[in-house]
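upload_16.cif follows (mmCIF, N, CA and C atoms):
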data_input
#
loop_
_atom_site.label_atom_id
_atom_site.label_comp_id
_atom_site.auth_asym_id
_atom_site.auth_seq_id
_atom_site.Cartn_x
_atom_site.Cartn_y
_atom_site.Cartn_z
N MET A 1 -162.48 -36.30 106.73
CA MET A 1 -161.21 -36.47 107.39
C MET A 1 -161.18 -37.76 108.19
N GLY A 2 -162.17 -38.57 108.06
CA GLY A 2 -162.17 -39.86 108.74
C GLY A 2 -162.94 -39.91 110.04
N ALA A 3 -163.57 -38.83 110.45
CA ALA A 3 -164.34 -38.84 111.70
C ALA A 3 -165.69 -39.51 111.47
N LYS A 4 -166.10 -40.28 112.46
CA LYS A 4 -167.40 -40.94 112.38
C LYS A 4 -168.51 -39.92 112.59
N SER A 5 -169.68 -40.28 112.13
CA SER A 5 -170.85 -39.40 112.30
C SER A 5 -171.14 -39.15 113.77
N SER A 6 -170.97 -40.18 114.59
CA SER A 6 -171.24 -40.01 116.02
C SER A 6 -170.23 -39.08 116.68
N THR A 7 -169.00 -39.10 116.20
CA THR A 7 -167.98 -38.20 116.74
C THR A 7 -168.28 -36.76 116.38
N VAL A 8 -168.67 -36.52 115.16
CA VAL A 8 -169.03 -35.17 114.73
C VAL A 8 -170.25 -34.67 115.51
N THR A 9 -171.23 -35.54 115.70
CA THR A 9 -172.42 -35.17 116.48
C THR A 9 -172.03 -34.82 117.91
N ARG A 10 -171.15 -35.61 118.50
CA ARG A 10 -170.71 -35.35 119.87
C ARG A 10 -170.00 -33.99 119.97
N ILE A 11 -169.19 -33.67 118.98
CA ILE A 11 -168.50 -32.38 118.99
C ILE A 11 -169.50 -31.23 118.92
N PHE A 12 -170.50 -31.37 118.04
CA PHE A 12 -171.51 -30.31 117.93
C PHE A 12 -172.32 -30.17 119.21
N VAL A 13 -172.67 -31.29 119.83
CA VAL A 13 -173.45 -31.24 121.07
C VAL A 13 -172.63 -30.60 122.19
N LEU A 14 -171.35 -30.96 122.30
CA LEU A 14 -170.51 -30.37 123.34
C LEU A 14 -170.28 -28.88 123.10
N ALA A 15 -169.98 -28.50 121.88
CA ALA A 15 -169.75 -27.08 121.58
C ALA A 15 -171.04 -26.27 121.78
N GLY A 16 -172.14 -26.78 121.26
CA GLY A 16 -173.42 -26.09 121.42
C GLY A 16 -173.85 -26.02 122.87
N GLY A 17 -173.63 -27.08 123.61
CA GLY A 17 -173.97 -27.09 125.03
C GLY A 17 -173.13 -26.10 125.82
N PHE A 18 -171.84 -26.03 125.48
CA PHE A 18 -170.95 -25.08 126.15
C PHE A 18 -171.40 -23.65 125.89
N ILE A 19 -171.72 -23.34 124.65
CA ILE A 19 -172.20 -22.00 124.30
C ILE A 19 -173.53 -21.72 124.99
N GLY A 20 -174.41 -22.71 125.04
CA GLY A 20 -175.70 -22.54 125.69
C GLY A 20 -175.58 -22.31 127.18
N ILE A 21 -174.67 -23.01 127.82
CA ILE A 21 -174.47 -22.83 129.26
C ILE A 21 -173.90 -21.44 129.54
N ILE A 22 -172.92 -21.01 128.74
CA ILE A 22 -172.36 -19.67 128.93
C ILE A 22 -173.44 -18.61 128.72
N GLY A 23 -174.25 -18.77 127.68
CA GLY A 23 -175.31 -17.81 127.42
C GLY A 23 -176.37 -17.80 128.51
N THR A 24 -176.69 -18.96 129.02
CA THR A 24 -177.69 -19.04 130.09
C THR A 24 -177.18 -18.38 131.37
N VAL A 25 -175.94 -18.63 131.72
CA VAL A 25 -175.37 -18.01 132.92
C VAL A 25 -175.29 -16.50 132.75
N ALA A 26 -174.83 -16.04 131.57
CA ALA A 26 -174.74 -14.60 131.33
C ALA A 26 -176.12 -13.95 131.33
N GLY A 27 -177.09 -14.60 130.69
CA GLY A 27 -178.45 -14.05 130.65
C GLY A 27 -179.10 -14.02 132.02
N ALA A 28 -178.90 -15.07 132.80
CA ALA A 28 -179.46 -15.09 134.15
C ALA A 28 -178.81 -14.02 135.01
N GLY A 29 -177.51 -13.87 134.88
CA GLY A 29 -176.82 -12.82 135.64
C GLY A 29 -177.30 -11.43 135.26
N PHE A 30 -177.41 -11.18 133.97
CA PHE A 30 -177.90 -9.88 133.51
C PHE A 30 -179.33 -9.64 133.99
N GLY A 31 -180.18 -10.66 133.91
CA GLY A 31 -181.56 -10.51 134.35
C GLY A 31 -181.68 -10.25 135.84
N LEU A 32 -180.86 -10.94 136.64
CA LEU A 32 -180.90 -10.72 138.08
C LEU A 32 -180.39 -9.34 138.45
N VAL A 33 -179.35 -8.86 137.75
CA VAL A 33 -178.86 -7.50 138.00
C VAL A 33 -179.93 -6.48 137.60
N ALA A 34 -180.60 -6.70 136.48
CA ALA A 34 -181.66 -5.79 136.04
C ALA A 34 -182.80 -5.75 137.05
N CYS A 35 -183.17 -6.91 137.59
CA CYS A 35 -184.23 -6.95 138.61
C CYS A 35 -183.79 -6.23 139.88
N TRP A 36 -182.55 -6.41 140.28
CA TRP A 36 -182.04 -5.73 141.47
C TRP A 36 -182.08 -4.21 141.27
N LEU A 37 -181.64 -3.76 140.07
CA LEU A 37 -181.67 -2.33 139.78
C LEU A 37 -183.10 -1.79 139.77
N LEU A 38 -184.04 -2.55 139.20
CA LEU A 38 -185.44 -2.12 139.20
C LEU A 38 -185.99 -2.00 140.61
N ASN A 39 -185.64 -2.94 141.47
CA ASN A 39 -186.11 -2.88 142.86
C ASN A 39 -185.48 -1.72 143.62
N LYS A 40 -184.23 -1.45 143.35
CA LYS A 40 -183.52 -0.41 144.11
C LYS A 40 -183.88 1.00 143.65
N TYR A 41 -183.92 1.24 142.34
CA TYR A 41 -184.09 2.60 141.84
C TYR A 41 -185.48 2.92 141.28
N ARG A 42 -186.30 1.91 141.06
CA ARG A 42 -187.69 2.11 140.61
C ARG A 42 -187.77 3.06 139.41
N PHE A 43 -186.97 2.82 138.38
CA PHE A 43 -186.92 3.73 137.24
C PHE A 43 -187.94 3.44 136.15
N VAL A 44 -188.74 2.38 136.29
CA VAL A 44 -189.83 2.12 135.34
C VAL A 44 -191.12 2.59 136.01
N THR A 45 -191.64 3.71 135.52
CA THR A 45 -192.88 4.24 136.08
C THR A 45 -194.06 3.88 135.19
N LEU A 46 -195.20 3.72 135.81
CA LEU A 46 -196.42 3.36 135.10
C LEU A 46 -197.37 4.55 135.10
N PRO A 47 -198.17 4.70 134.05
CA PRO A 47 -199.11 5.83 134.02
C PRO A 47 -200.17 5.70 135.12
N GLY A 48 -200.34 6.77 135.86
CA GLY A 48 -201.27 6.77 136.99
C GLY A 48 -202.72 6.68 136.60
N ASP A 49 -203.08 7.12 135.39
CA ASP A 49 -204.47 7.06 134.98
C ASP A 49 -204.89 5.66 134.53
N VAL A 50 -203.94 4.75 134.37
CA VAL A 50 -204.25 3.38 133.94
C VAL A 50 -204.08 2.38 135.08
N TYR A 51 -203.02 2.55 135.88
CA TYR A 51 -202.69 1.60 136.93
C TYR A 51 -202.83 2.25 138.31
N PHE A 52 -203.05 1.40 139.31
CA PHE A 52 -203.17 1.88 140.69
C PHE A 52 -201.81 1.97 141.38
N ILE A 53 -200.77 1.48 140.72
CA ILE A 53 -199.43 1.53 141.29
C ILE A 53 -198.57 2.47 140.46
N LYS A 54 -197.54 3.04 141.08
CA LYS A 54 -196.71 4.03 140.40
C LYS A 54 -195.53 3.40 139.66
N ASN A 55 -194.96 2.34 140.23
CA ASN A 55 -193.76 1.73 139.66
C ASN A 55 -193.99 0.26 139.35
N LEU A 56 -193.15 -0.27 138.48
CA LEU A 56 -193.23 -1.67 138.11
C LEU A 56 -192.71 -2.54 139.25
N PRO A 57 -193.56 -3.40 139.81
CA PRO A 57 -193.08 -4.26 140.90
C PRO A 57 -192.26 -5.43 140.35
N VAL A 58 -191.20 -5.77 141.05
CA VAL A 58 -190.33 -6.87 140.64
C VAL A 58 -190.11 -7.78 141.83
N GLN A 59 -190.35 -9.08 141.61
CA GLN A 59 -190.09 -10.07 142.65
C GLN A 59 -189.39 -11.25 142.00
N VAL A 60 -188.18 -11.53 142.44
CA VAL A 60 -187.40 -12.65 141.91
C VAL A 60 -187.71 -13.89 142.74
N MET A 61 -188.13 -14.94 142.04
CA MET A 61 -188.41 -16.20 142.70
C MET A 61 -187.38 -17.22 142.22
N VAL A 62 -186.68 -17.82 143.15
CA VAL A 62 -185.57 -18.71 142.83
C VAL A 62 -186.02 -19.88 141.96
N GLN A 63 -187.17 -20.44 142.27
CA GLN A 63 -187.64 -21.60 141.49
C GLN A 63 -187.92 -21.21 140.04
N ASP A 64 -188.39 -20.00 139.79
CA ASP A 64 -188.62 -19.55 138.42
C ASP A 64 -187.30 -19.39 137.66
N VAL A 65 -186.30 -18.83 138.32
CA VAL A 65 -184.99 -18.67 137.69
C VAL A 65 -184.40 -20.03 137.35
N VAL A 66 -184.51 -20.98 138.26
CA VAL A 66 -183.97 -22.32 138.04
C VAL A 66 -184.68 -23.01 136.89
N VAL A 67 -186.01 -22.93 136.85
CA VAL A 67 -186.77 -23.58 135.77
C VAL A 67 -186.42 -22.98 134.41
N VAL A 68 -186.31 -21.67 134.34
CA VAL A 68 -185.98 -21.02 133.07
C VAL A 68 -184.57 -21.40 132.62
N CYS A 69 -183.62 -21.45 133.55
CA CYS A 69 -182.25 -21.82 133.20
C CYS A 69 -182.17 -23.27 132.72
N ILE A 70 -182.86 -24.17 133.40
CA ILE A 70 -182.87 -25.57 132.98
C ILE A 70 -183.52 -25.71 131.61
N ALA A 71 -184.63 -25.00 131.38
CA ALA A 71 -185.30 -25.05 130.08
C ALA A 71 -184.39 -24.52 128.97
N ALA A 72 -183.67 -23.44 129.24
CA ALA A 72 -182.78 -22.87 128.23
C ALA A 72 -181.67 -23.84 127.87
N ILE A 73 -181.10 -24.49 128.85
CA ILE A 73 -180.03 -25.45 128.59
C ILE A 73 -180.58 -26.68 127.87
N ALA A 74 -181.77 -27.14 128.25
CA ALA A 74 -182.38 -28.29 127.58
C ALA A 74 -182.68 -27.98 126.11
N ILE A 75 -183.18 -26.79 125.84
CA ILE A 75 -183.47 -26.39 124.46
C ILE A 75 -182.18 -26.31 123.66
N THR A 76 -181.11 -25.81 124.28
CA THR A 76 -179.82 -25.74 123.59
C THR A 76 -179.33 -27.13 123.22
N PHE A 77 -179.37 -28.06 124.16
CA PHE A 77 -178.91 -29.42 123.85
C PHE A 77 -179.81 -30.09 122.83
N ALA A 78 -181.11 -29.84 122.90
CA ALA A 78 -182.02 -30.43 121.91
C ALA A 78 -181.74 -29.87 120.52
N ALA A 79 -181.46 -28.57 120.44
CA ALA A 79 -181.20 -27.97 119.14
C ALA A 79 -179.88 -28.45 118.54
N THR A 80 -178.89 -28.73 119.38
CA THR A 80 -177.60 -29.17 118.85
C THR A 80 -177.59 -30.64 118.48
N SER A 81 -178.49 -31.42 119.04
CA SER A 81 -178.45 -32.85 118.78
C SER A 81 -179.42 -33.32 117.71
N ILE A 82 -180.17 -32.41 117.11
CA ILE A 82 -181.11 -32.78 116.04
C ILE A 82 -180.30 -33.13 114.79
N ARG A 83 -180.55 -34.32 114.26
CA ARG A 83 -179.85 -34.76 113.04
C ARG A 83 -180.70 -34.44 111.83
N ARG A 84 -180.07 -33.99 110.80
CA ARG A 84 -180.76 -33.70 109.56
C ARG A 84 -180.38 -34.67 108.49
#
Can you give me the file's structure in the form of structure tokens?
Amino acid sequence: MGAKSSTVTRIFVLAGGFIGIIGTVAGAGFGLVACWLLNKYRFVTLPGDVYFIKNLPVQVMVQDVVVVCIAAIAITFAATSIRR
């Protein structure tokens, strides 16, 4: 249709990046809600004959969440910009 290769690449990178950002935000939100629920209700129990603790401990560290989100977005942009 007359579009340059760079224009098509830019469209794919923008669309893929947009989808990746939405997925990263949704996944981080779901993960944080799941961690909050685990901390509040302690519904994951561990077998007492194997472990010294009764429930699965959960600790959310902000720097870990940030690093994982940045890595997910970087992987998304890298995957969308690879030329074949």
If we count all atoms listed in the file and set the cut-off at 6.5 Å, which residues sit around Thr76 of chain A, ignoring sequence neighbours fewer than 6 positions away in its own chain? Please answer as a PyMOL selection string. chain A and resi 16-17+20
Could you work out how far atom C of Ala28 of chain A lies from atom CA of Thr45 of chain A, giving the answer in Å with one decimal? 23.1 Å
Which neighbours of segment 57-72 of chain A fall inside 6.5 Å, counting only N, CA and C atoms, when residues of the same chain fewer than 6 positions from it are skipped, and could you give them as a PyMOL selection string? chain A and resi 20+24+35+38-39
Do a neighbour search on Thr80 of chain A at 6.5 Å with all atoms listed in the file, toss out local chain neighbours closer than 5 positions, and write the hits as an MDAnalysis selection string. chainID A and resid 12:13 16 75
Could you work out how far atom CA of Phe43 of chain A lies from atom CA of Ala26 of chain A, giving the answer in Å with one decimal?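 Rounded to one decimal, the two atoms are 22.8 Å apart.
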Please return as number ranges by chain: the residues of segment 53-83 of chain A that backbone DSSP assigns to helix (DSSP H, G or I). A: 62-81
Atom N of Val50 of chain A to atom CA of Ala34 of chain A, straight-line distance in Å: 24.7 Å
Rebuild segment 14-25 of chain A to all heavy atoms - output it as a short mmCIF file (atom, residue, chain, number, x, y, z; two decimals), in the frame of the given file, please.
data_model
loop_
_atom_site.label_atom_id
_atom_site.label_comp_id
_atom_site.auth_asym_id
_atom_site.auth_seq_id
_atom_site.Cartn_x
_atom_site.Cartn_y
_atom_site.Cartn_z
N LEU A 14 -171.35 -30.96 122.30
CA LEU A 14 -170.51 -30.37 123.34
C LEU A 14 -170.28 -28.88 123.10
O LEU A 14 -170.38 -28.07 124.04
CB LEU A 14 -169.18 -31.10 123.42
CG LEU A 14 -169.23 -32.51 124.00
CD1 LEU A 14 -167.87 -33.19 123.91
CD2 LEU A 14 -169.71 -32.48 125.44
N ALA A 15 -169.98 -28.50 121.88
CA ALA A 15 -169.75 -27.08 121.58
C ALA A 15 -171.04 -26.27 121.78
O ALA A 15 -171.02 -25.20 122.38
CB ALA A 15 -169.23 -26.91 120.16
N GLY A 16 -172.14 -26.78 121.26
CA GLY A 16 -173.42 -26.09 121.42
C GLY A 16 -173.85 -26.02 122.87
O GLY A 16 -174.38 -25.00 123.33
N GLY A 17 -173.63 -27.08 123.61
CA GLY A 17 -173.97 -27.09 125.03
C GLY A 17 -173.13 -26.10 125.82
O GLY A 17 -173.63 -25.40 126.70
N PHE A 18 -171.84 -26.03 125.48
CA PHE A 18 -170.95 -25.08 126.15
C PHE A 18 -171.40 -23.65 125.89
O PHE A 18 -171.49 -22.83 126.81
CB PHE A 18 -169.52 -25.29 125.66
CG PHE A 18 -168.51 -24.42 126.33
CD1 PHE A 18 -168.18 -24.60 127.67
CD2 PHE A 18 -167.88 -23.42 125.62
CE1 PHE A 18 -167.25 -23.79 128.28
CE2 PHE A 18 -166.94 -22.60 126.23
CZ PHE A 18 -166.63 -22.79 127.56
N ILE A 19 -171.72 -23.34 124.65
CA ILE A 19 -172.20 -22.00 124.30
C ILE A 19 -173.53 -21.72 124.99
O ILE A 19 -173.76 -20.63 125.50
CB ILE A 19 -172.32 -21.86 122.77
CG1 ILE A 19 -170.93 -21.88 122.14
CG2 ILE A 19 -173.06 -20.59 122.39
CD1 ILE A 19 -170.94 -22.02 120.63
N GLY A 20 -174.41 -22.71 125.04
CA GLY A 20 -175.70 -22.54 125.69
C GLY A 20 -175.58 -22.31 127.18
O GLY A 20 -176.30 -21.47 127.75
N ILE A 21 -174.67 -23.01 127.82
CA ILE A 21 -174.47 -22.83 129.26
C ILE A 21 -173.90 -21.44 129.54
O ILE A 21 -174.35 -20.75 130.46
CB ILE A 21 -173.56 -23.94 129.83
CG1 ILE A 21 -174.34 -25.26 129.84
CG2 ILE A 21 -173.07 -23.60 131.23
CD1 ILE A 21 -173.51 -26.47 130.16
N ILE A 22 -172.92 -21.01 128.74
CA ILE A 22 -172.36 -19.67 128.93
C ILE A 22 -173.44 -18.61 128.72
O ILE A 22 -173.56 -17.65 129.49
CB ILE A 22 -171.16 -19.44 127.99
CG1 ILE A 22 -169.98 -20.29 128.45
CG2 ILE A 22 -170.76 -17.97 127.94
CD1 ILE A 22 -168.80 -20.25 127.53
N GLY A 23 -174.25 -18.77 127.68
CA GLY A 23 -175.31 -17.81 127.42
C GLY A 23 -176.37 -17.80 128.51
O GLY A 23 -176.88 -16.73 128.88
N THR A 24 -176.69 -18.96 129.02
CA THR A 24 -177.69 -19.04 130.09
C THR A 24 -177.18 -18.38 131.37
O THR A 24 -177.91 -17.61 132.01
CB THR A 24 -178.04 -20.51 130.37
OG1 THR A 24 -178.57 -21.09 129.17
CG2 THR A 24 -179.06 -20.64 131.48
N VAL A 25 -175.94 -18.63 131.72
CA VAL A 25 -175.37 -18.01 132.92
C VAL A 25 -175.29 -16.50 132.75
O VAL A 25 -175.65 -15.73 133.66
CB VAL A 25 -173.98 -18.63 133.24
CG1 VAL A 25 -173.25 -17.83 134.31
CG2 VAL A 25 -174.13 -20.08 133.66
#
